[in-house]
file model18.tsv (TSV, C-alpha atoms and all ligand atoms)
chain	number	residue	atom	x	y	z
A	139	MET	CA	0.00	0.00	0.00
A	140	LYS	CA	2.85	2.33	0.97
A	141	LEU	CA	4.64	1.55	-2.29
A	142	LEU	CA	1.50	2.12	-4.31
A	143	TRP	CA	0.93	5.46	-2.59
A	144	LYS	CA	4.55	6.46	-3.30
A	145	ALA	CA	4.17	5.52	-6.97
A	146	LEU	CA	0.96	7.53	-7.19
A	147	LEU	CA	2.59	10.50	-5.49
A	148	ASN	CA	5.44	10.31	-7.96
A	149	LEU	CA	2.99	10.43	-10.84
A	150	VAL	CA	1.31	13.56	-9.51
A	151	PHE	CA	4.47	15.23	-8.15
A	152	PRO	CA	7.46	13.71	-9.94
A	153	GLU	CA	10.53	13.54	-7.72
A	154	GLY	CA	12.99	16.22	-8.65
A	155	PRO	CA	16.75	16.12	-8.44
A	156	GLU	CA	18.69	15.83	-5.19
A	157	CYS	CA	18.37	18.48	-2.50
A	158	PRO	CA	21.66	20.39	-2.73
A	159	LEU	CA	21.88	20.64	1.06
A	160	CYS	CA	21.18	17.09	2.28
A	161	GLY	CA	21.15	14.97	-0.87
A	162	GLY	CA	17.54	13.88	-0.23
A	163	ARG	CA	14.82	14.05	-2.87
A	164	ARG	CA	12.99	17.31	-3.50
A	165	ARG	CA	9.96	18.12	-5.58
A	166	GLY	CA	10.76	21.18	-7.60
A	167	GLU	CA	11.69	23.40	-4.65
A	168	ASP	CA	15.20	24.83	-4.21
A	169	VAL	CA	15.85	22.63	-1.15
A	170	CYS	CA	13.84	19.65	0.15
A	171	GLY	CA	10.96	20.13	2.58
A	172	LYS	CA	13.03	18.89	5.52
A	173	CYS	CA	15.86	21.38	4.88
A	174	ARG	CA	13.39	24.19	4.21
A	175	LYS	CA	11.84	23.57	7.62
A	176	ILE	CA	15.29	23.71	9.28
A	177	ILE	CA	16.26	26.94	7.47
A	178	ASP	CA	12.91	28.62	8.21
A	179	GLY	CA	13.35	27.62	11.86
A	180	TYR	CA	16.71	29.44	11.95
A	181	GLY	CA	14.94	32.59	10.80
A	182	LYS	CA	12.82	32.46	13.96
A	183	GLU	CA	15.73	31.87	16.36
A	184	PRO	CA	17.08	34.73	18.50
A	185	TYR	CA	20.26	36.22	17.11
A	186	CYS	CA	22.47	39.21	17.87
A	187	ALA	CA	21.29	42.25	15.91
A	188	ARG	CA	24.88	43.41	15.45
A	189	CYS	CA	27.13	40.42	14.68
A	190	GLY	CA	24.33	38.10	13.52
A	191	ARG	CA	25.48	35.17	15.67
A	192	TYR	CA	22.78	32.92	17.05
A	193	ALA	CA	22.00	32.54	20.72
A	194	GLY	CA	23.41	29.26	22.02
A	195	LYS	CA	21.79	27.13	24.71
A	196	GLY	CA	22.08	29.03	27.95
A	197	ALA	CA	22.91	32.37	26.29
A	198	VAL	CA	21.51	35.23	28.29
A	199	PHE	CA	19.63	37.81	26.28
A	200	PRO	CA	16.89	40.24	27.20
A	201	SER	CA	13.41	39.18	26.16
A	202	VAL	CA	13.08	41.86	23.51
A	203	ALA	CA	12.92	41.38	19.76
A	204	VAL	CA	16.21	43.21	19.11
A	205	HIS	CA	19.10	42.24	21.34
A	206	PHE	CA	22.89	42.23	21.31
A	207	CYS	CA	25.24	39.47	22.40
A	208	TYR	CA	27.60	40.00	25.32
A	209	GLU	CA	30.55	40.74	23.03
A	210	CYS	CA	28.64	43.30	20.96
A	211	ARG	CA	27.48	45.05	24.13
A	212	LYS	CA	31.12	45.42	25.21
A	213	HIS	CA	33.00	45.97	21.94
A	214	SER	CA	32.48	47.64	18.66
A	215	TRP	CA	33.06	46.21	15.17
A	216	PRO	CA	34.27	48.03	12.05
A	217	PHE	CA	31.19	46.74	10.19
A	218	VAL	CA	27.68	48.04	10.86
A	219	ARG	CA	26.08	44.60	11.08
A	220	ALA	CA	26.54	41.03	9.94
A	221	ARG	CA	23.95	38.47	8.89
A	222	ALA	CA	23.96	34.78	7.99
A	223	ALA	CA	21.54	32.24	6.52
A	224	GLY	CA	21.70	30.17	9.72
A	225	PRO	CA	23.98	28.79	12.44
A	226	TYR	CA	27.08	26.83	11.50
A	227	GLU	CA	25.70	23.36	12.25
A	228	SER	CA	23.54	20.58	10.82
A	229	VAL	CA	22.71	20.80	7.09
A	230	LEU	CA	24.41	24.18	6.60
A	231	LYS	CA	27.69	23.01	8.13
A	232	ASP	CA	27.65	19.80	6.06
A	233	ALA	CA	26.88	21.72	2.88
A	234	ILE	CA	29.65	24.27	3.51
A	235	HIS	CA	32.13	21.44	4.13
A	236	ARG	CA	31.16	19.68	0.90
A	237	PHE	CA	31.35	23.00	-0.92
A	238	LYS	CA	34.79	23.93	0.43
A	239	TYR	CA	36.60	20.65	0.86
A	240	THR	CA	35.17	18.37	-1.82
A	241	GLY	CA	34.81	21.09	-4.42
A	242	ARG	CA	31.01	20.85	-4.92
A	243	ARG	CA	30.98	24.30	-6.51
A	244	SER	CA	27.33	24.03	-7.56
A	245	LEU	CA	26.44	24.40	-3.87
A	246	ALA	CA	27.33	28.10	-4.20
A	247	ILE	CA	24.00	28.70	-5.96
A	248	CYS	CA	21.95	27.11	-3.18
A	249	LEU	CA	23.91	28.72	-0.32
A	250	ALA	CA	23.83	32.12	-2.03
A	251	ARG	CA	20.06	31.87	-2.40
A	252	LEU	CA	19.71	31.27	1.35
A	253	MET	CA	22.09	34.18	2.04
A	254	ALA	CA	20.07	36.48	-0.20
A	255	GLU	CA	16.90	35.40	1.63
A	256	ALA	CA	18.52	36.37	4.96
A	257	ALA	CA	19.64	39.70	3.50
A	258	CYS	CA	16.10	40.44	2.33
A	259	ALA	CA	14.40	39.39	5.59
A	260	GLY	CA	13.70	42.89	6.87
A	261	PRO	CA	15.73	46.08	6.67
A	262	VAL	CA	19.06	44.32	7.25
A	263	PHE	CA	21.17	46.19	4.72
A	264	PRO	CA	20.55	49.65	3.27
A	265	HIS	CA	21.63	50.53	-0.25
A	266	LEU	CA	24.81	48.61	-1.10
A	267	ASP	CA	27.21	49.82	-3.78
A	268	LEU	CA	29.60	46.91	-4.05
A	269	ALA	CA	30.16	43.36	-2.79
A	270	LEU	CA	33.66	42.07	-2.02
A	271	PRO	CA	34.44	38.40	-1.46
A	272	MET	CA	36.68	37.57	1.49
A	273	PRO	CA	40.01	36.92	-0.25
A	274	LEU	CA	42.25	33.87	0.13
A	275	SER	CA	46.03	34.12	0.03
A	276	ASN	CA	47.58	32.92	-3.25
A	277	GLU	CA	49.03	29.97	-1.40
A	278	LYS	CA	45.62	28.83	-0.13
A	279	LEU	CA	43.97	29.56	-3.48
A	280	ARG	CA	46.50	27.27	-5.20
A	281	ARG	CA	45.85	24.51	-2.68
A	282	ARG	CA	42.03	24.71	-2.85
A	283	GLY	CA	41.76	25.63	-6.52
A	284	PHE	CA	38.97	28.16	-5.96
A	285	ASN	CA	37.87	30.82	-3.50
A	286	GLN	CA	34.56	29.71	-1.98
A	287	ALA	CA	33.72	33.30	-0.93
A	288	ALA	CA	34.22	34.53	-4.50
A	289	LEU	CA	31.75	31.93	-5.83
A	290	LEU	CA	29.21	32.91	-3.15
A	291	ALA	CA	29.74	36.64	-3.84
A	292	LYS	CA	29.15	36.16	-7.57
A	293	GLU	CA	25.79	34.46	-6.94
A	294	VAL	CA	24.71	36.80	-4.10
A	295	GLY	CA	25.69	39.81	-6.22
A	296	SER	CA	23.49	38.67	-9.07
A	297	LEU	CA	20.54	37.87	-6.74
A	298	LEU	CA	20.76	41.20	-4.86
A	299	GLN	CA	21.82	43.08	-8.00
A	300	ILE	CA	25.02	44.47	-6.53
A	301	PRO	CA	28.23	44.62	-8.55
A	302	VAL	CA	30.96	42.30	-7.24
A	303	SER	CA	34.62	43.16	-7.37
A	304	GLU	CA	37.17	40.39	-6.91
A	305	GLY	CA	40.74	41.53	-6.47
A	306	LEU	CA	39.99	44.85	-4.80
A	307	LEU	CA	40.52	43.32	-1.37
A	308	VAL	CA	43.43	40.86	-1.34
A	309	LYS	CA	45.17	38.72	1.25
A	310	ASP	CA	48.94	38.78	0.92
A	311	PHE	CA	49.84	35.91	3.22
A	312	GLU	CA	48.27	33.22	5.34
A	313	THR	CA	48.11	33.79	9.06
A	314	SER	CA	48.66	30.78	11.30
A	315	PRO	CA	45.76	29.65	13.51
A	316	GLN	CA	45.68	32.11	16.34
A	317	ALA	CA	43.60	30.30	18.93
A	318	GLY	CA	44.57	31.43	22.39
A	319	LEU	CA	45.52	34.97	21.36
A	320	PRO	CA	43.29	37.78	22.63
A	321	ARG	CA	40.88	39.20	20.09
A	322	ALA	CA	42.78	42.48	19.57
A	323	ALA	CA	46.05	40.62	18.86
A	324	ARG	CA	44.35	38.21	16.42
A	325	GLU	CA	42.77	41.09	14.55
A	326	SER	CA	45.92	43.19	14.27
A	327	ASN	CA	47.87	40.16	12.95
A	328	LEU	CA	45.19	39.54	10.36
A	329	MET	CA	44.89	43.19	9.37
A	330	GLY	CA	48.48	43.12	8.16
A	331	ALA	CA	47.55	40.32	5.77
A	332	PHE	CA	44.72	42.22	4.01
A	333	ARG	CA	45.28	44.98	1.47
A	334	VAL	CA	43.06	47.11	-0.78
A	335	THR	CA	44.44	47.43	-4.30
A	336	ASP	CA	42.48	50.52	-5.39
A	337	SER	CA	41.16	52.67	-2.56
A	338	GLY	CA	39.53	55.08	-5.05
A	339	ALA	CA	37.03	52.35	-5.92
A	340	LEU	CA	35.87	52.15	-2.30
A	341	ARG	CA	35.82	55.80	-1.25
A	342	GLY	CA	32.53	56.77	0.38
A	343	ARG	CA	30.81	53.62	-0.85
A	344	SER	CA	28.63	51.17	1.01
A	345	ILE	CA	30.35	47.77	0.95
A	346	LEU	CA	29.13	44.22	1.59
A	347	ILE	CA	31.84	41.70	2.47
A	348	ILE	CA	30.87	38.11	1.72
A	349	ASP	CA	32.34	34.99	3.31
A	350	ASP	CA	31.26	31.43	4.02
A	351	VAL	CA	31.36	31.41	7.83
A	352	PHE	CA	31.41	34.01	10.61
A	353	THR	CA	32.75	32.36	13.77
A	354	THR	CA	34.76	34.60	16.12
A	355	GLY	CA	34.42	37.51	13.71
A	356	SER	CA	38.17	38.21	13.74
A	357	THR	CA	38.65	37.66	10.01
A	358	MET	CA	35.59	39.73	9.08
A	359	SER	CA	36.57	42.45	11.52
A	360	SER	CA	40.11	42.70	10.15
A	361	ALA	CA	38.96	42.78	6.53
A	362	ALA	CA	36.28	45.37	7.33
A	363	SER	CA	38.86	47.53	9.14
A	364	VAL	CA	41.12	47.55	6.10
A	365	VAL	CA	38.19	48.39	3.82
A	366	ARG	CA	37.12	51.22	6.14
A	367	LYS	CA	40.67	52.58	6.34
A	368	ALA	CA	40.75	52.63	2.53
A	369	GLY	CA	37.89	55.15	2.66
A	370	ALA	CA	34.73	53.03	2.36
A	371	GLY	CA	31.60	54.56	3.88
A	372	GLN	CA	29.76	51.79	5.69
A	373	VAL	CA	30.69	48.13	5.69
A	374	PHE	CA	28.25	45.22	6.14
A	375	ALA	CA	28.86	41.48	6.25
A	376	LEU	CA	26.95	38.48	4.91
A	377	THR	CA	27.91	34.83	5.37
A	378	ALA	CA	26.32	31.46	4.69
A	379	ALA	CA	26.57	30.54	8.37
A	380	ALA	CA	27.42	32.13	11.71
A	381	GLY	CA	28.56	30.72	15.03
A	382	ARG	CA	26.61	30.76	18.25
A	383	TYR	CA	27.31	32.89	21.31
A	384	PHE	CA	26.95	31.67	24.87
B	401	ZN	ZN	17.47	18.65	2.02
B	402	ZN	ZN	26.88	40.10	18.66
call {"tool": "encode", "arguments": {"input": "model18.tsv", "output": "structure tokens"}}
result
Amino acid sequence: MKLLWKALLNLVFPEGPECPLCGGRRRGEDVCGKCRKIIDGYGKEPYCARCGRYAGKGAVFPSVAVHFCYECRKHSWPFVRARAAGPYESVLKDAIHRFKYTGRRSLAICLARLMAEAACAGPVFPHLDLALPMPLSNEKLRRRGFNQAALLAKEVGSLLQIPVSEGLLVKDFETSPQAGLPRAARESNLMGAFRVTDSGALRGRSILIIDDVFTTGSTMSSAASVVRKAGAGQVFALTAAAGRYF
């Protein structure tokens, strides 16, 4: 009976290709019903209005619609605000891993669509003049073969209709993992690695920096600082996933 029902369902709603996020079957939608439910659920979770990170279990936040995480209440960032499609876990984390480490470049389209949805969910970003992908050092680019942020930026740019400029923000060298260093030290080390190649192209403009993941925010903060120092007006950040704060 179950098989017959499935066959009938397939006749009425033919099964589409694989869901790009989980590999399950979908029926014409961009992601399968199960993944859509997860992503929509993220949209209802409490997150920090400044850095966009999601409240972790046990995180203390006031019971108001707009709230700021502990770090954002204490420190400032060089970007106005950051947003992500969801927390860095479950289907999003798996998809980002497949995208980055197994070279499933087609995932950029699906992830970028979810990022654009997050960017359009309310007045998150004002007018944006230009999107910049988070650069990789040449060494890392050679090893990976592609810059995942550049692929995301290209898709997000076309969905949000913002021009994308690759090569305006570059990373001259790789910085070693800096776990254990205080935030200020991590950020100043990283800042030395980023460089703007044509500051005239940024002067007074509203910039969106695009990356795959926002975890501690050190990389985004350093890149945004360099972009601001080069004369950009306001800087915003958009990633496929963001960490949680506790
Ligand atoms: Zn799915
Ligand atoms: Zn925050």
call {"tool": "closest_residue", "arguments": {"input": "model18.tsv", "among": "A:Thr313, A:Thr354, A:Ser228, A:Gln299", "to": "A:Glu277", "atoms": "only C-alpha atoms"}}
result
A:Thr313
call {"tool": "residues_around", "arguments": {"input": "model18.tsv", "residues": "A:Leu245", "least_positions_apart": "6", "cutoff": "12 Å", "atoms": "only C-alpha atoms", "output": "ChimeraX atom specification"}}
result
/A:156-161,168-169,230,232-239,251-252,286-287,289-290,293,350,378
call {"tool": "write_last_selection", "arguments": {"input": "model18.tsv", "atoms": "C-alpha atoms", "output": "mmCIF file, in the frame of the given file"}}
result
data_model
loop_
_atom_site.group_PDB
_atom_site.id
_atom_site.type_symbol
_atom_site.label_atom_id
_atom_site.label_comp_id
_atom_site.auth_asym_id
_atom_site.auth_seq_id
_atom_site.Cartn_x
_atom_site.Cartn_y
_atom_site.Cartn_z
ATOM 1 C CA GLU A 156 18.690 15.830 -5.190
ATOM 2 C CA CYS A 157 18.370 18.480 -2.500
ATOM 3 C CA PRO A 158 21.660 20.390 -2.730
ATOM 4 C CA LEU A 159 21.880 20.640 1.060
ATOM 5 C CA CYS A 160 21.180 17.090 2.280
ATOM 6 C CA GLY A 161 21.150 14.970 -0.870
ATOM 7 C CA ASP A 168 15.200 24.830 -4.210
ATOM 8 C CA VAL A 169 15.850 22.630 -1.150
ATOM 9 C CA LEU A 230 24.410 24.180 6.600
ATOM 10 C CA ASP A 232 27.650 19.800 6.060
ATOM 11 C CA ALA A 233 26.880 21.720 2.880
ATOM 12 C CA ILE A 234 29.650 24.270 3.510
ATOM 13 C CA HIS A 235 32.130 21.440 4.130
ATOM 14 C CA ARG A 236 31.160 19.680 0.900
ATOM 15 C CA PHE A 237 31.350 23.000 -0.920
ATOM 16 C CA LYS A 238 34.790 23.930 0.430
ATOM 17 C CA TYR A 239 36.600 20.650 0.860
ATOM 18 C CA ARG A 251 20.060 31.870 -2.400
ATOM 19 C CA LEU A 252 19.710 31.270 1.350
ATOM 20 C CA GLN A 286 34.560 29.710 -1.980
ATOM 21 C CA ALA A 287 33.720 33.300 -0.930
ATOM 22 C CA LEU A 289 31.750 31.930 -5.830
ATOM 23 C CA LEU A 290 29.210 32.910 -3.150
ATOM 24 C CA GLU A 293 25.790 34.460 -6.940
ATOM 25 C CA ASP A 350 31.260 31.430 4.020
ATOM 26 C CA ALA A 378 26.320 31.460 4.690
#
call {"tool": "atom_distance", "arguments": {"input": "model18.tsv", "atom1": "atom CA of A:Ala223", "atom2": "atom CA of A:Arg188"}}
result
14.7 Å
call {"tool": "residues_near_point", "arguments": {"input": "model18.tsv", "point": "(35.3, 40.3, 3.7)", "cutoff": "10 Å", "atoms": "only C-alpha atoms", "output": "ChimeraX atom specification"}}
result
/A:269-273,287,307-308,332,345-350,357-365,373-377
call {"tool": "residues_near_ligand", "arguments": {"input": "model18.tsv", "ligand": "ligand ZN 402 (chain B)", "cutoff": "12 Å", "atoms": "only C-alpha atoms and all ligand atoms", "output": "PyMOL selection string"}}
result
chain A and resi 184-194+197+199+204-215+217-221+352-355+380-384
call {"tool": "build_atoms", "arguments": {"input": "model18.tsv", "residues": "stretch 186-197 of chain A", "atoms": "all heavy atoms", "output": "PDB file, keeping the file's coordinate frame"}}
result
ATOM      1  N   CYS A 186      21.961  37.886  17.521  1.00  0.00           N
ATOM      2  CA  CYS A 186      22.470  39.210  17.870  1.00  0.00           C
ATOM      3  C   CYS A 186      22.256  40.169  16.695  1.00  0.00           C
ATOM      4  O   CYS A 186      22.644  39.871  15.568  1.00  0.00           O
ATOM      5  CB  CYS A 186      23.959  39.108  18.226  1.00  0.00           C
ATOM      6  SG  CYS A 186      24.734  40.718  18.414  1.00  0.00           S
ATOM      7  N   ALA A 187      21.626  41.301  16.976  1.00  0.00           N
ATOM      8  CA  ALA A 187      21.290  42.250  15.910  1.00  0.00           C
ATOM      9  C   ALA A 187      22.529  42.889  15.291  1.00  0.00           C
ATOM     10  O   ALA A 187      22.460  43.463  14.210  1.00  0.00           O
ATOM     11  CB  ALA A 187      20.380  43.342  16.469  1.00  0.00           C
ATOM     12  N   ARG A 188      23.677  42.778  15.973  1.00  0.00           N
ATOM     13  CA  ARG A 188      24.880  43.410  15.450  1.00  0.00           C
ATOM     14  C   ARG A 188      25.734  42.403  14.659  1.00  0.00           C
ATOM     15  O   ARG A 188      25.952  42.546  13.470  1.00  0.00           O
ATOM     16  CB  ARG A 188      25.692  43.985  16.629  1.00  0.00           C
ATOM     17  CG  ARG A 188      26.877  44.807  16.230  1.00  0.00           C
ATOM     18  CD  ARG A 188      26.462  46.223  15.882  1.00  0.00           C
ATOM     19  NE  ARG A 188      27.447  46.872  15.022  1.00  0.00           N
ATOM     20  CZ  ARG A 188      28.510  47.522  15.458  1.00  0.00           C
ATOM     21  NH1 ARG A 188      28.727  47.646  16.733  1.00  0.00           N
ATOM     22  NH2 ARG A 188      29.347  48.074  14.597  1.00  0.00           N
ATOM     23  N   CYS A 189      26.193  41.347  15.348  1.00  0.00           N
ATOM     24  CA  CYS A 189      27.130  40.420  14.680  1.00  0.00           C
ATOM     25  C   CYS A 189      26.399  39.271  13.988  1.00  0.00           C
ATOM     26  O   CYS A 189      27.025  38.515  13.253  1.00  0.00           O
ATOM     27  CB  CYS A 189      28.160  39.885  15.667  1.00  0.00           C
ATOM     28  SG  CYS A 189      27.483  38.746  16.890  1.00  0.00           S
ATOM     29  N   GLY A 190      25.100  39.116  14.217  1.00  0.00           N
ATOM     30  CA  GLY A 190      24.330  38.100  13.520  1.00  0.00           C
ATOM     31  C   GLY A 190      24.504  36.695  14.054  1.00  0.00           C
ATOM     32  O   GLY A 190      23.917  35.756  13.519  1.00  0.00           O
ATOM     33  N   ARG A 191      25.310  36.518  15.122  1.00  0.00           N
ATOM     34  CA  ARG A 191      25.480  35.170  15.670  1.00  0.00           C
ATOM     35  C   ARG A 191      24.223  34.753  16.421  1.00  0.00           C
ATOM     36  O   ARG A 191      23.498  35.588  16.962  1.00  0.00           O
ATOM     37  CB  ARG A 191      26.703  35.123  16.592  1.00  0.00           C
ATOM     38  CG  ARG A 191      27.996  35.052  15.796  1.00  0.00           C
ATOM     39  CD  ARG A 191      29.189  34.972  16.693  1.00  0.00           C
ATOM     40  NE  ARG A 191      29.313  36.212  17.455  1.00  0.00           N
ATOM     41  CZ  ARG A 191      30.375  36.512  18.179  1.00  0.00           C
ATOM     42  NH1 ARG A 191      31.379  35.681  18.250  1.00  0.00           N
ATOM     43  NH2 ARG A 191      30.432  37.660  18.829  1.00  0.00           N
ATOM     44  N   TYR A 192      24.006  33.453  16.451  1.00  0.00           N
ATOM     45  CA  TYR A 192      22.780  32.920  17.050  1.00  0.00           C
ATOM     46  C   TYR A 192      22.991  32.630  18.530  1.00  0.00           C
ATOM     47  O   TYR A 192      24.089  32.239  18.939  1.00  0.00           O
ATOM     48  CB  TYR A 192      22.354  31.656  16.310  1.00  0.00           C
ATOM     49  CG  TYR A 192      21.916  31.970  14.900  1.00  0.00           C
ATOM     50  CD1 TYR A 192      22.863  32.150  13.892  1.00  0.00           C
ATOM     51  CD2 TYR A 192      20.579  32.158  14.592  1.00  0.00           C
ATOM     52  CE1 TYR A 192      22.484  32.491  12.602  1.00  0.00           C
ATOM     53  CE2 TYR A 192      20.184  32.497  13.302  1.00  0.00           C
ATOM     54  CZ  TYR A 192      21.148  32.667  12.322  1.00  0.00           C
ATOM     55  OH  TYR A 192      20.758  33.014  11.051  1.00  0.00           O
ATOM     56  N   ALA A 193      21.918  32.810  19.283  1.00  0.00           N
ATOM     57  CA  ALA A 193      22.000  32.540  20.720  1.00  0.00           C
ATOM     58  C   ALA A 193      22.172  31.045  20.939  1.00  0.00           C
ATOM     59  O   ALA A 193      21.411  30.245  20.388  1.00  0.00           O
ATOM     60  CB  ALA A 193      20.731  33.035  21.405  1.00  0.00           C
ATOM     61  N   GLY A 194      23.197  30.665  21.698  1.00  0.00           N
ATOM     62  CA  GLY A 194      23.410  29.260  22.020  1.00  0.00           C
ATOM     63  C   GLY A 194      22.560  28.881  23.213  1.00  0.00           C
ATOM     64  O   GLY A 194      21.928  29.740  23.839  1.00  0.00           O
ATOM     65  N   LYS A 195      22.563  27.574  23.527  1.00  0.00           N
ATOM     66  CA  LYS A 195      21.790  27.130  24.710  1.00  0.00           C
ATOM     67  C   LYS A 195      22.396  27.798  25.935  1.00  0.00           C
ATOM     68  O   LYS A 195      23.600  27.767  26.126  1.00  0.00           O
ATOM     69  CB  LYS A 195      21.916  25.613  24.840  1.00  0.00           C
ATOM     70  CG  LYS A 195      20.900  24.879  24.007  1.00  0.00           C
ATOM     71  CD  LYS A 195      20.757  23.429  24.465  1.00  0.00           C
ATOM     72  CE  LYS A 195      19.780  22.690  23.575  1.00  0.00           C
ATOM     73  NZ  LYS A 195      20.319  22.393  22.246  1.00  0.00           N
ATOM     74  N   GLY A 196      21.587  28.415  26.724  1.00  0.00           N
ATOM     75  CA  GLY A 196      22.080  29.030  27.950  1.00  0.00           C
ATOM     76  C   GLY A 196      22.529  30.473  27.761  1.00  0.00           C
ATOM     77  O   GLY A 196      22.919  31.129  28.721  1.00  0.00           O
ATOM     78  N   ALA A 197      22.518  30.968  26.514  1.00  0.00           N
ATOM     79  CA  ALA A 197      22.910  32.370  26.290  1.00  0.00           C
ATOM     80  C   ALA A 197      21.890  33.279  26.966  1.00  0.00           C
ATOM     81  O   ALA A 197      20.690  33.017  26.920  1.00  0.00           O
ATOM     82  CB  ALA A 197      22.973  32.662  24.803  1.00  0.00           C
TER      83      ALA A 197
END
